[in-house]
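Structure file upload_0.cif (mmCIF, C-alpha atoms and all ligand atoms) is printed below.
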data_input
loop_
_atom_site.label_atom_id
_atom_site.label_comp_id
_atom_site.auth_asym_id
_atom_site.auth_seq_id
_atom_site.Cartn_x
_atom_site.Cartn_y
_atom_site.Cartn_z
CA MET A 293 14.29 106.49 -4.39
CA ARG A 294 10.83 106.32 -2.88
CA ARG A 295 9.85 103.64 -5.38
CA SER A 296 12.88 101.59 -4.48
CA VAL A 297 11.97 101.67 -0.77
CA LEU A 298 8.42 100.62 -1.60
CA LEU A 299 9.68 97.65 -3.66
CA LEU A 300 11.94 96.58 -0.79
CA ASN A 301 8.99 96.66 1.65
CA VAL A 302 6.85 94.61 -0.71
CA THR A 303 9.69 92.08 -1.12
CA GLN A 304 10.14 91.79 2.67
CA ARG A 305 6.40 91.29 3.27
CA TYR A 306 6.36 88.70 0.49
CA SER A 307 9.31 86.95 2.13
CA THR A 308 7.53 86.99 5.55
CA LEU A 309 4.40 85.58 3.92
CA LEU A 310 6.47 82.85 2.27
CA ASN A 311 8.01 81.91 5.63
CA ALA A 312 4.58 81.83 7.23
CA THR A 313 3.33 79.56 4.43
CA GLN A 314 6.23 77.20 4.92
CA ARG A 315 5.65 77.10 8.70
CA TYR A 316 1.97 76.48 8.02
CA SER A 317 2.91 73.65 5.68
CA THR A 318 5.23 72.10 8.28
CA LEU A 319 2.47 72.41 10.91
CA LEU A 320 0.02 70.74 8.53
CA ASN A 321 2.42 67.81 8.02
CA ALA A 322 2.88 67.47 11.77
CA THR A 323 -0.89 67.49 12.26
CA GLN A 324 -1.33 64.76 9.69
CA ARG A 325 1.36 62.64 11.34
CA TYR A 326 -0.26 63.25 14.72
CA SER A 327 -3.59 62.18 13.27
CA MET A 328 -2.01 58.94 11.96
CA ILE A 329 -0.51 58.26 15.39
CA ILE A 330 -3.93 58.76 16.99
CA ASN A 331 -5.48 56.29 14.52
CA ALA A 332 -2.75 53.72 15.19
CA THR A 333 -3.25 54.16 18.94
CA GLN A 334 -6.98 53.60 18.56
CA ARG A 335 -6.41 50.48 16.47
CA TYR A 336 -3.91 49.22 19.07
CA SER A 337 -6.45 49.90 21.82
CA THR A 338 -9.13 47.96 19.90
CA LEU A 339 -6.69 45.09 19.46
CA LEU A 340 -5.87 45.17 23.18
CA ASN A 341 -9.56 44.99 24.06
CA ALA A 342 -10.02 42.03 21.70
CA THR A 343 -7.05 40.26 23.33
CA GLN A 344 -8.52 40.83 26.77
CA ARG A 345 -11.90 39.52 25.60
CA TYR A 346 -10.16 36.47 24.08
CA SER A 347 -8.28 35.90 27.31
CA THR A 348 -11.51 36.10 29.33
CA LEU A 349 -13.14 33.66 26.90
CA LEU A 350 -10.18 31.28 27.26
CA ILE A 351 -10.44 31.32 31.05
CA ALA A 352 -14.19 30.70 30.80
CA THR A 353 -13.56 27.76 28.43
CA GLN A 354 -11.04 26.27 30.85
CA ARG A 355 -13.48 26.67 33.74
CA TYR A 356 -16.19 25.04 31.63
CA SER A 357 -13.85 22.16 30.78
CA THR A 358 -12.98 21.65 34.46
CA LEU A 359 -16.68 21.71 35.30
CA LEU A 360 -17.40 19.18 32.54
CA ASN A 361 -14.70 16.84 33.90
CA ALA A 362 -16.10 17.16 37.39
CA THR A 363 -19.58 16.40 36.04
CA GLN A 364 -18.30 13.30 34.25
CA ARG A 365 -16.50 12.11 37.38
CA TYR A 366 -19.68 12.70 39.36
CA SER A 367 -21.69 10.79 36.76
CA THR A 368 -19.25 7.84 36.91
CA LEU A 369 -19.49 7.86 40.70
CA LEU A 370 -23.28 8.00 40.51
CA ASN A 371 -23.33 5.01 38.13
CA ALA A 372 -21.06 3.06 40.45
CA THR A 373 -23.25 3.90 43.41
CA GLN A 374 -26.41 2.85 41.56
CA HIS A 375 -24.67 -0.28 40.36
CA TYR A 376 -23.69 -1.14 43.94
CA SER A 377 -27.11 -0.22 45.30
CA THR A 378 -28.81 -2.46 42.71
CA SER A 379 -26.59 -5.35 43.71
CA VAL A 380 -27.42 -5.01 47.38
CA SER A 381 -31.16 -4.42 47.10
CA GLU A 382 -32.29 -6.50 44.12
CA CYS A 383 -29.96 -9.43 43.71
CA ALA A 384 -30.40 -10.56 47.30
CA LEU A 385 -27.08 -12.36 47.22
CA PRO A 386 -26.38 -13.85 50.63
CA ALA A 387 -23.56 -12.17 52.48
CA ARG A 388 -20.76 -14.57 53.31
CA SER A 389 -19.35 -14.88 56.79
CA VAL A 390 -15.61 -15.02 57.13
CA TYR A 391 -13.48 -15.61 60.15
CA THR A 392 -10.46 -13.55 60.96
CA MET A 393 -7.08 -15.22 60.68
CA ALA A 394 -6.05 -13.84 64.08
CA THR A 395 -8.67 -15.67 66.15
CA GLY A 396 -8.97 -18.68 63.85
CA SER A 397 -12.42 -19.32 65.27
CA ALA A 398 -16.01 -18.18 64.87
CA GLU A 399 -15.75 -15.80 67.81
CA MET A 400 -15.42 -12.70 65.69
CA PRO A 401 -17.33 -13.27 62.45
CA ALA A 402 -16.92 -10.42 59.98
CA THR A 403 -19.39 -9.91 57.15
CA THR A 404 -18.15 -9.21 53.63
CA LEU A 405 -20.28 -7.25 51.22
CA ALA A 406 -22.15 -9.07 48.50
CA PRO A 407 -20.27 -9.05 45.17
CA VAL A 408 -21.18 -6.25 42.76
CA PRO A 409 -22.98 -7.83 39.76
CA ASP A 410 -22.09 -6.97 36.17
CA LEU A 411 -24.43 -4.40 34.67
CA ASP A 412 -25.22 -4.29 30.93
CA GLY A 413 -22.19 -6.49 30.21
CA ARG A 414 -19.84 -4.09 32.00
CA ARG A 415 -17.80 -4.42 35.18
CA TRP A 416 -15.99 -1.92 37.41
CA CYS A 417 -12.15 -1.90 37.27
CA ARG A 418 -10.84 -0.41 40.50
CA HIS A 419 -7.60 0.74 38.85
CA CYS A 420 -9.23 2.29 35.76
CA SER A 421 -11.93 3.77 38.08
CA THR A 422 -14.57 3.13 35.46
CA THR A 423 -16.67 0.30 34.02
CA LEU A 424 -15.31 -1.76 31.10
CA PRO A 425 -16.80 -4.48 28.86
CA LEU A 426 -16.59 -7.97 30.41
CA ALA A 427 -14.17 -9.04 27.65
CA SER A 428 -11.57 -6.70 29.22
CA PHE A 429 -11.48 -8.88 32.35
CA PRO A 430 -9.62 -12.16 32.80
CA SER A 431 -11.77 -15.28 32.81
CA GLY A 432 -11.97 -17.47 35.89
CA ARG A 433 -12.37 -16.04 39.37
CA ARG A 434 -14.31 -12.79 39.36
CA ARG A 435 -11.99 -9.83 39.95
CA TYR A 436 -12.51 -6.09 39.76
CA ILE A 437 -9.24 -5.53 37.92
CA CYS A 438 -9.01 -5.53 34.13
CA ARG A 439 -6.55 -7.57 32.01
CA LYS A 440 -4.29 -4.56 31.44
CA HIS A 441 -4.03 -3.91 35.19
CA VAL A 442 -3.66 -7.62 36.06
CA TRP A 443 -0.65 -7.59 33.74
CA GLU A 444 0.76 -4.32 35.09
CA ARG A 445 0.18 -4.94 38.79
CA VAL A 446 0.29 -8.73 39.22
CA THR A 447 1.66 -10.81 36.34
CA LYS A 448 4.59 -8.59 35.34
CA LEU A 449 6.00 -8.42 38.90
CA SER A 450 5.60 -12.13 39.60
CA LYS A 451 7.10 -12.97 36.22
CA GLN A 452 10.13 -10.76 36.95
CA LEU A 453 10.63 -12.57 40.29
CA CYS A 454 10.14 -15.95 38.61
CA MET A 455 12.67 -15.22 35.87
CA GLN A 456 15.42 -14.59 38.44
CA ASP A 457 15.26 -18.30 39.41
CA PRO A 458 16.61 -20.49 36.56
CA HIS A 459 14.46 -23.49 37.56
CA ARG A 460 11.24 -21.48 37.71
CA SER A 461 12.21 -19.70 34.52
CA ARG A 462 12.64 -23.12 32.82
CA LEU A 463 9.23 -24.29 34.11
CA TRP A 464 7.67 -21.11 32.78
CA LEU A 465 9.22 -21.62 29.33
CA LEU A 466 8.05 -25.27 29.27
CA TRP A 467 4.50 -24.22 30.22
CA LYS A 468 4.57 -21.42 27.63
CA ARG A 469 5.62 -23.94 24.95
CA CYS A 470 2.70 -26.24 25.96
CA TRP A 471 0.29 -23.34 25.70
CA THR A 472 1.61 -22.17 22.32
CA ASP A 473 1.52 -25.75 20.95
CA ALA A 474 -2.04 -26.21 22.22
CA ARG A 475 -3.18 -23.03 20.47
CA THR A 476 -1.24 -23.19 17.23
CA VAL A 477 -0.48 -26.89 16.59
CA PHE A 478 -3.25 -28.90 18.31
CA LYS A 479 -5.96 -26.21 17.94
CA GLN A 480 -7.05 -26.33 21.59
CA THR A 481 -8.36 -23.28 23.42
CA ARG A 482 -6.61 -24.01 26.72
CA VAL A 483 -4.21 -26.25 28.61
CA GLY A 484 -5.13 -28.19 31.77
CA ILE A 485 -1.61 -28.13 33.15
CA VAL A 486 0.19 -25.61 35.39
CA GLN A 487 3.88 -25.08 36.09
CA GLY A 488 3.63 -27.08 39.34
CA ASP A 489 2.34 -30.11 37.35
CA ILE A 490 5.27 -29.81 34.95
CA ASP A 491 7.66 -29.65 37.90
CA ALA A 492 6.07 -32.85 39.34
CA LEU A 493 6.27 -34.60 35.94
CA LEU A 494 9.98 -33.81 35.58
CA ARG A 495 10.78 -34.90 39.17
CA GLY A 496 8.76 -38.12 38.76
CA ARG A 497 10.68 -39.02 35.62
CA ASP A 498 14.00 -39.94 37.17
CA GLY A 499 14.04 -38.27 40.56
CA ARG A 500 16.00 -35.28 39.27
CA ASP A 501 14.41 -31.87 39.14
CA GLY A 502 16.56 -30.51 36.33
CA ARG A 503 18.45 -27.99 38.49
CA ASP A 504 21.69 -29.58 37.26
CA GLY A 505 20.73 -28.83 33.63
CA SER A 506 19.93 -32.50 32.90
CA LEU A 507 16.45 -31.54 31.71
CA ASP A 508 17.38 -28.68 29.42
CA ASP A 509 16.66 -30.73 26.31
CA VAL A 510 13.17 -32.04 27.13
CA LEU A 511 9.66 -30.78 26.41
CA ILE A 512 6.11 -31.63 27.51
CA MET A 513 3.84 -32.91 24.71
CA PRO A 514 0.33 -34.45 24.84
CA ALA A 515 0.03 -38.27 24.71
CA ASP A 516 -3.27 -37.89 22.88
CA PRO A 517 -3.22 -34.63 20.88
CA THR A 518 -7.01 -34.64 20.41
CA ARG A 519 -7.52 -34.13 24.16
CA VAL A 520 -6.62 -31.11 26.30
CA LEU A 521 -3.11 -31.34 27.75
CA CYS A 522 -3.28 -32.31 31.45
CA THR A 523 -1.05 -34.28 33.85
CA GLU A 524 -2.60 -37.63 32.79
CA ASN A 525 -2.28 -36.72 29.10
CA ALA A 526 1.31 -35.41 29.24
CA VAL A 527 4.55 -37.06 28.20
CA VAL A 528 8.13 -35.83 28.51
CA VAL A 529 9.88 -35.98 25.12
CA GLN A 530 13.31 -34.95 23.85
CA THR A 531 13.33 -31.46 22.35
CA LEU A 532 14.85 -32.80 19.12
CA ASN A 533 11.81 -35.12 18.63
CA ARG A 534 9.31 -32.28 18.61
CA PRO A 535 9.57 -31.37 14.87
CA GLN A 536 8.90 -35.03 13.83
CA LEU A 537 5.90 -35.26 16.19
CA VAL A 538 4.42 -31.99 14.91
CA ARG A 539 4.96 -33.10 11.29
CA ALA A 540 3.31 -36.48 12.00
CA TRP A 541 0.30 -34.77 13.61
CA ARG A 542 -0.10 -32.35 10.71
CA ALA A 543 0.31 -35.04 8.05
CA GLY A 544 -1.51 -38.03 9.55
CA GLY A 545 -3.46 -36.85 12.60
CA ALA A 546 -3.65 -38.67 15.95
CA GLU A 547 -2.76 -42.09 14.49
CA ARG A 548 0.55 -41.03 12.86
CA TYR A 549 1.33 -38.95 15.97
CA ALA A 550 0.86 -41.99 18.25
CA LEU A 551 3.15 -44.11 16.02
CA GLU A 552 5.82 -41.38 16.01
CA LEU A 553 5.54 -40.98 19.80
CA ALA A 554 6.00 -44.74 20.27
CA ALA A 555 9.05 -44.61 17.97
CA CYS A 556 10.55 -41.84 20.10
CA GLY A 557 10.45 -44.21 23.06
ZN ZN A 601 -8.13 -1.39 34.64
#

Write the structure described by the file as structure tokens, please.
Ligand SMILES: [Zn+2]
Amino acid sequence: MRRSVLLLNVTQRYSTLLNATQRYSTLLNATQRYSMIINATQRYSTLLNATQRYSTLLIATQRYSTLLNATQRYSTLLNATQHYSTSVSECALPARSVYTMATGSAEMPATTLAPVPDLDGRRWCRHCSTTLPLASFPSGRRRYICRKHVWERVTKLSKQLCMQDPHRSRLWLLWKRCWTDARTVFKQTRVGIVQGDIDALLRGRDGRDGRDGSLDDVLIMPADPTRVLCTENAVVVQTLNRPQLVRAWRAGGAERYALELAACG
């Protein structure tokens, strides 16, 4: 009996120990999981810091970029100022006097500034707000507006207005044909005729200005194709005669062209 009691005690203690071991094991697992969570948290924190540093760097880069732009704008302005200053001090171009339209007399002379000279083959475009090579500007009268901006701000608008009037539209097409012929057929670099000259030529022909559609089938061609097309060197021909005239010029030069023109009457 005594032995049996002893065995029971031992068994109970063993059982208690086993429970304790299992609890210990559970605790150990929990500790390991906790440790993993701590590691993950630290890694997350490191990542967060890196993100903040990146963000700071990004802001600094943007500020630097803004500063760089400002510097470039300042530099452009400085160049323009120097450019202008050079023109005033060194070129000694005489200032022109102009008279205001309002008074129409010399009572209130106003002085215009001397023109800004081109520097190193470049000129200021007031719409681009920078200097461009001279080739970017239209030839003829000196303007501070580049070809692109002349087209956008002047030519396009006036052409739209012009195209609403059938007569002006017709004159424009006739002039355009003269210009294309001069460049591609007669190998000239320019034409010495404007739309007003074409209008005068058509009116002078038979007193009609073509508004009634009577001139829809005529074209302007040069009398002498070796010379630049101008009012004195222009003839009005029927549109259907143009292909023969061009063929004659290409095949036999000025002589064949003159014969063909005479045949057209
Ligand atoms: Zn421009």

Compile a residue-level contact table for chain A against ligand ZN 601 (chain A) at a cut-off of 9 Å, reporting for every qualifying residue the shortest atom pair and its distance in Å to one decimal, with all atoms listed in the file counted, rows ordered by chain and ascending number, as a Markdown table.
| residue | atom | partner | partner_atom | distance |
| --- | --- | --- | --- | --- |
| A:Trp416 | CA | A:ZN601 | ZN | 8.4 |
| A:Cys417 | CA | A:ZN601 | ZN | 4.8 |
| A:Arg418 | CA | A:ZN601 | ZN | 6.5 |
| A:His419 | CA | A:ZN601 | ZN | 4.7 |
| A:Cys420 | CA | A:ZN601 | ZN | 4.0 |
| A:Ser421 | CA | A:ZN601 | ZN | 7.3 |
| A:Thr422 | CA | A:ZN601 | ZN | 7.9 |
| A:Thr423 | CA | A:ZN601 | ZN | 8.7 |
| A:Leu424 | CA | A:ZN601 | ZN | 8.0 |
| A:Ser428 | CA | A:ZN601 | ZN | 8.3 |
| A:Phe429 | CA | A:ZN601 | ZN | 8.5 |
| A:Tyr436 | CA | A:ZN601 | ZN | 8.2 |
| A:Ile437 | CA | A:ZN601 | ZN | 5.4 |
| A:Cys438 | CA | A:ZN601 | ZN | 4.3 |
| A:Arg439 | CA | A:ZN601 | ZN | 6.9 |
| A:Lys440 | CA | A:ZN601 | ZN | 5.9 |
| A:His441 | CA | A:ZN601 | ZN | 4.8 |
| A:Val442 | CA | A:ZN601 | ZN | 7.8 |

**OP:** Skip range 487-492 of chain A itself and residues of its chain fewer than 5 positions away, then list as a PyMOL selection string all residues within 7 Å of it, counting all atoms listed in the file.
**Re:** chain A and resi 463-464+467+523

Original post:
What does the distance between CA of Gly557 in chain A and CA of Arg495 in chain A come to in Å, to one decimal place?
Top reply: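 Atom-to-atom, CA of Gly557 in chain A and CA of Arg495 in chain A are spaced 18.6 Å apart.
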
**OP:** Considering only C-alpha atoms, state which residue in the set A:Leu339, A:Leu494, A:Leu349, A:Ala515 is at the smallest distance from Ala546 in chain A.
**Re:** A:Ala515

Subject >> Sel. within 12 Å of pt (3.0, -23.4, 26.2), counting all atoms listed in the file, output as a PyMOL selection string >> reply: chain A and resi 462-478+480-487+490+511-514+521

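Considering all atoms listed in the file, the residue among A:Thr348, A:Asp508, A:Ala550, A:Val446 positioned nearest to Pro458 in chain A is A:Asp508.
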
**OP:** Can you work out the spacing between CA of Asn311 in chain A and CA of Leu298 in chain A in Å, to one decimal?
**Re:** 20.1 Å

**OP:** For CA of Tyr336 in chain A and CA of Ile351 in chain A, quote the distance in Å rounded to one decimal.
**Re:** 22.5 Å

Any chance you could work out the axis-aligned box around range 360-370 of chain A, listed atoms only, 8 Å on each side, giving centre and edge lengths in Å to one decimal, as JSON?
{"center_x": -19.0, "center_y": 13.5, "center_z": 36.6, "size_x": 24.6, "size_y": 27.3, "size_z": 24.2}

**OP:** Tell me which protein, DNA and RNA residues are within 9 Å of range 373-375 of chain A, counting only C-alpha atoms, leaving out same-chain ones fewer than 6 positions away, and put them as an MDAnalysis selection string.
**Re:** chainID A and resid 408:411

Subject >> Asp412 in chain A surroundings by all atoms listed in the file, 10 Å radius, close-in-sequence under 3 positions cut, as a PyMOL selection string >> reply: chain A and resi 409+415+425-426

**OP:** Rank A:Arg345, A:Leu553, A:Val302, A:Gly432 by their smallest atom-to-atom distance to Ala526 in chain A, using all atoms listed in the file, and report the top residue only.
**Re:**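 Comparing A:Arg345, A:Leu553, A:Val302, A:Gly432 against Ala526 in chain A, the winner is A:Leu553.
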